[in-house]
Amino acid sequence: MTTAVVWFRKCLRIHDNAVLSWACESDEVDSVLPVFIMNEEIGAEGDNKFGFNRTRFLVESLRDLSDSLERELGLKLMILKGAYLETIDTLIDSLEDDAFLAYEYCSEPEILLLSVEINDLGSSGRTAFRSRAFPASHTLLDIEKTVRSPTYSNPKSMKDMERIFRNQFGTNEIGFYDIKDPLPVPEIGKPMAELKSLHNEIEISYLEDYLLSQYPERMGKDQYFHGGEGEALERLARKVTARPAYVNNFRKPKTYSTNLQEDPREPSTTGLSPYLSTGCLSIRKIWKECEKSYLSGEHSQPPESLHGQMMFREMFYLLSRSVINWDKSTGNENCKEINWDDFDRSKMESWESGMTGYPFIDAMMRQLDETGWMHHLGRHAVSCFLTRGQLWQSWTRGRDVFERKLVDSDWAINNGNWLWLAGVAPFSMPYYRVYNPCPDSKSSLNVETELAEFVRHWVPELKDFPSRYIFEPHLAPLPIQISSGCVIGKDYPLPIVDRKDSRKKNLARFKISLQN
DNA sequence: GGATCCGTTGTAGCT
DNA sequence: AAGCTACAACGGATC
């Protein structure tokens, strides 16, 4: 008799889940054990990779997965806490039947290494253990196959990605890439595996209680996104399927003037990224939903279109697999060496806590901390500010903060975006395009209303400040500061750097670094 | 092989 | 107020 251990890692869903479908349908399998392993320290702020919002989103996603496994397939999700390899080792020993560990391929170095170690578990005289890494459904492309192709070279632009997509998928009769339909939810489950209880097993309710007791205040606040496959599919239907005109007209760079403070009714982007990073939503599912819209008429094209956004995601996944030291600033062929300043605790803390004296930057950093979300162009502005724009700190520091705090945190994409925005990657925009931390009325932004209101919401010190000075309050005459109830330097910080001087100096430094 | 073009989303200052 | 121009100026691909 064989038990399929279905190891959920990123693919926190039952639709389009090849591993789960295999376990439910294969003749090789007699019983099933769905497992999630929590290998990271969670919840506490500090150096860990899971800050509060990310943890809450994960726990909600696990709750939803657990419920749907039970409801649809009569299976119970087991959650184990501990290091991956040890946990798997103990688990297969405690099974009554032969174990067949089934999991999805993952391109991250740590997991690639782990899959070798997992194979070794089977070869060390243990006949009752087999394992299989299934092709990933986390990406559209087969990452391993693509980077191992003799014609592969690191993609740098959308043109490169279009070539890779054409080669891998071909096009069908209506000119779309020939991408397979997502798998349906399996119709029948298998019996749940028999298992004695394990010392490191934890209940989801324990995690929920932990969050409530550790973060009572934060748990009480509204959140933009709730984790889970159910939420993901509902949001997909509401934001994408139901809005063909929105999908067909979608142009990412044009989503700025709408509300930066996520409005659950009508945000400017789809807000689906947290569901993609956890795998609550299948990338094939959203790709195909966009296609349905595209069939109805004219539509935007990559790089700006929704398909274009997904292709950039694929690009970062490819690069993160093919570029050694993808997450490092040295020994990384996709990272130019820049003489960033040494770590400056004061500057970093001002940036992270939203106390730079630049209200637009501070508003977004506070929004990130409280909600786990920031609009994509806000991410551009704050990362440029930290690196080549103003503070001249290494991108890896900012990367760490984003990784911990963002609900859509994703190793390949987060590193890729920082490489790009710090101006160090080969696919970067020209480095002299420095974002202005103080939007003004001459830009395309709607200053009078939305952005000013956004700042007043997240930087309440400035709630009574006139719009004219709201992005550079230190320039307001003192009587105005006093009558607005916020004296700059006392109630809200003075700018920690002069934005124009630092911009000029940093442009020159960047040029020198490139010449060396 | 030198010139030209292009890269997902720029800024500042002027009219 | 929107739109223009100058700025600053890399590096790889393409012709």
# chains A, B, ... in the order shown; residues from 1 in each chain; ligands from 1

$ residues_around --residues "Lys504 in chain A" --least-positions-apart "4" --cutoff "10 Å" --atoms "only C-alpha atoms (C1' of nucleotides)" --output "MDAnalysis selection string"
chainID A and resid 389:390 432 434 499:500 508:509

$ interface_residues --of "chain A" --to "chain C" --cutoff "9 Å" --atoms "only C-alpha atoms (C1' of nucleotides)" --output "list in words"
Pro426, Pro430, Tyr431, Tyr432, Arg433, Lys442, Leu507, Lys511 and Leu514 of chain A

$ residues_around --residues "Ser320 in chain A" --least-positions-apart "6" --cutoff "9 Å" --atoms "only C-alpha atoms (C1' of nucleotides)" --output "number ranges by chain"
A: 107-109, 326-327, 411-413, 415-416

$ write_last_selection --atoms "N, CA and C atoms" --output "PDB file, in the first residue's frame"
ATOM      1  N   SER A 107      12.026  26.630  -8.456  1.00  0.00           N
ATOM      2  CA  SER A 107      13.310  27.053  -9.024  1.00  0.00           C
ATOM      3  C   SER A 107      14.223  27.741  -8.024  1.00  0.00           C
ATOM      4  N   GLU A 108      13.747  27.974  -6.794  1.00  0.00           N
ATOM      5  CA  GLU A 108      14.609  28.662  -5.820  1.00  0.00           C
ATOM      6  C   GLU A 108      15.755  27.749  -5.399  1.00  0.00           C
ATOM      7  N   PRO A 109      16.969  28.304  -5.301  1.00  0.00           N
ATOM      8  CA  PRO A 109      18.158  27.490  -5.032  1.00  0.00           C
ATOM      9  C   PRO A 109      18.007  26.577  -3.818  1.00  0.00           C
ATOM     10  N   TRP A 326      21.593  35.504  -7.734  1.00  0.00           N
ATOM     11  CA  TRP A 326      20.498  36.407  -8.119  1.00  0.00           C
ATOM     12  C   TRP A 326      20.125  37.383  -6.996  1.00  0.00           C
ATOM     13  N   ASP A 327      20.265  36.951  -5.754  1.00  0.00           N
ATOM     14  CA  ASP A 327      19.852  37.810  -4.638  1.00  0.00           C
ATOM     15  C   ASP A 327      21.038  38.478  -3.951  1.00  0.00           C
ATOM     16  N   TRP A 411      10.352  35.664  -3.896  1.00  0.00           N
ATOM     17  CA  TRP A 411      11.813  35.756  -3.934  1.00  0.00           C
ATOM     18  C   TRP A 411      12.340  36.199  -5.304  1.00  0.00           C
ATOM     19  N   ALA A 412      11.905  35.525  -6.353  1.00  0.00           N
ATOM     20  CA  ALA A 412      12.414  35.833  -7.699  1.00  0.00           C
ATOM     21  C   ALA A 412      12.039  37.253  -8.108  1.00  0.00           C
ATOM     22  N   ILE A 413      10.794  37.619  -7.847  1.00  0.00           N
ATOM     23  CA  ILE A 413      10.278  38.890  -8.358  1.00  0.00           C
ATOM     24  C   ILE A 413      10.757  40.060  -7.514  1.00  0.00           C
ATOM     25  N   ASN A 415      13.563  40.318  -5.777  1.00  0.00           N
ATOM     26  CA  ASN A 415      14.953  40.612  -6.125  1.00  0.00           C
ATOM     27  C   ASN A 415      15.059  41.244  -7.507  1.00  0.00           C
ATOM     28  N   GLY A 416      14.287  40.728  -8.451  1.00  0.00           N
ATOM     29  CA  GLY A 416      14.307  41.276  -9.806  1.00  0.00           C
ATOM     30  C   GLY A 416      13.900  42.737  -9.841  1.00  0.00           C
TER      31      GLY A 416
END

$ closest_atom_pairs --of "chain A" --to "chain B" --cutoff "12 Å" --atoms "only C-alpha atoms (C1' of nucleotides)" --output "tab-separated table"
residue	atom	partner	partner_atom	distance
A:Lys156	CA	B:DG7	C1'	8.9
A:Ser157	CA	B:DG7	C1'	7.3
A:Met158	CA	B:DT8	C1'	8.1
A:Lys159	CA	B:DG7	C1'	10.3
A:Asp160	CA	B:DG7	C1'	11.9
A:Arg251	CA	B:DT9	C1'	9.1
A:Lys252	CA	B:DT9	C1'	7.1
A:Pro253	CA	B:DT9	C1'	4.1
A:Lys254	CA	B:DT9	C1'	7.5
A:Thr255	CA	B:DT9	C1'	9.4
A:Tyr256	CA	B:DT9	C1'	9.4
A:Gln301	CA	B:DT8	C1'	10.7
A:Pro302	CA	B:DT8	C1'	8.0
A:Pro303	CA	B:DT8	C1'	5.1
A:Glu304	CA	B:DT8	C1'	5.9
A:Ser305	CA	B:DT8	C1'	9.4
A:Leu306	CA	B:DT8	C1'	11.4
A:His307	CA	B:DT8	C1'	12.0
A:Gly308	CA	B:DT8	C1'	8.4
A:Gln309	CA	B:DT8	C1'	8.5
A:Met310	CA	B:DT8	C1'	11.8
A:Met311	CA	B:DT8	C1'	10.8
A:Phe312	CA	B:DT8	C1'	8.8
A:His376	CA	B:DT9	C1'	10.0
A:Leu377	CA	B:DT9	C1'	8.2
A:Gly378	CA	B:DT9	C1'	11.8
A:His380	CA	B:DT9	C1'	9.7
A:Ala381	CA	B:DG10	C1'	11.1
A:Cys384	CA	B:DG10	C1'	11.7
A:Gly389	CA	B:DG10	C1'	11.9
A:Asn417	CA	B:DT8	C1'	11.9
A:Trp420	CA	B:DT8	C1'	11.2
A:Leu421	CA	B:DT9	C1'	11.7
A:Ala425	CA	B:DG7	C1'	11.9
A:Pro426	CA	B:DG7	C1'	9.9
A:Phe427	CA	B:DG7	C1'	7.4
A:Ser428	CA	B:DG7	C1'	7.7
A:Met429	CA	B:DG7	C1'	6.4
A:Pro430	CA	B:DG7	C1'	8.0
A:Tyr431	CA	B:DG10	C1'	10.0
A:Tyr432	CA	B:DG10	C1'	8.2
A:Arg433	CA	B:DG10	C1'	4.7
A:Val434	CA	B:DG10	C1'	6.3
A:Tyr435	CA	B:DG10	C1'	6.4
A:Asn436	CA	B:DT11	C1'	7.1
A:Pro437	CA	B:DT11	C1'	10.9
A:Cys438	CA	B:DT11	C1'	11.1
A:Pro439	CA	B:DT11	C1'	10.5
A:Asp440	CA	B:DT11	C1'	10.8
A:Lys442	CA	B:DA12	C1'	9.7
A:Ser443	CA	B:DT11	C1'	9.2
A:Ser444	CA	B:DG10	C1'	11.7
A:Lys500	CA	B:DT11	C1'	10.8
A:Arg503	CA	B:DT11	C1'	10.8
A:Lys504	CA	B:DT11	C1'	11.8

$ residues_around --residues "Glu187 in chain A" --least-positions-apart "3" --cutoff "9 Å" --atoms "only C-alpha atoms (C1' of nucleotides)" --output "list in words"
Ser21, Cys24, Glu25, Glu72, Leu73 and Pro184 of chain A

$ atom_distance --atom1 "CA of Phe134 in chain A" --atom2 "CA of Val19 in chain A"
6.6 Å

$ residues_around --residues "Arg130 in chain A" --least-positions-apart "4" --cutoff "7 Å" --atoms "only C-alpha atoms (C1' of nucleotides)" --output "list in words"
Ala99, Phe100, Leu101 and Gly122 of chain A

$ residues_around --residues "Gly279 in chain A" --least-positions-apart "2" --cutoff "8 Å" --atoms "only C-alpha atoms (C1' of nucleotides)" --output "PyMOL selection string"
chain A and resi 10-13+138+275-277+281-282

$ select_by_dssp --residues "range 14-139 of chain A" --states "helix (DSSP H, G or I)" --output "ChimeraX atom specification"
/A:18-25,52-73,84-94,109-123

$ residues_around --residues "range 191-197 of chain A" --least-positions-apart "3" --cutoff "6 Å" --atoms "only C-alpha atoms (C1' of nucleotides)" --output "list in words"
Ser31, Val32, Leu33, Leu75 and Leu95 of chain A

$ write_last_selection --atoms "N, CA and C atoms" --output "short mmCIF file (atom, residue, chain, number, x, y, z; two decimals), in the first residue's frame"
data_model
loop_
_atom_site.label_atom_id
_atom_site.label_comp_id
_atom_site.auth_asym_id
_atom_site.auth_seq_id
_atom_site.Cartn_x
_atom_site.Cartn_y
_atom_site.Cartn_z
N SER A 31 -3.70 5.95 -0.50
CA SER A 31 -4.22 6.96 0.43
C SER A 31 -3.40 8.24 0.27
N VAL A 32 -3.97 9.33 0.80
CA VAL A 32 -3.36 10.66 0.58
C VAL A 32 -3.14 11.36 1.91
N LEU A 33 -2.02 12.07 1.99
CA LEU A 33 -1.76 12.91 3.17
C LEU A 33 -1.32 14.29 2.69
N LEU A 75 -10.30 15.28 2.80
CA LEU A 75 -8.92 15.15 3.30
C LEU A 75 -8.64 16.20 4.36
N LEU A 95 4.72 6.93 8.82
CA LEU A 95 3.61 6.42 8.02
C LEU A 95 3.51 4.90 8.11
#

$ atom_distance --atom1 "CA of Tyr492 in chain A" --atom2 "CA of Glu453 in chain A"
17.1 Å
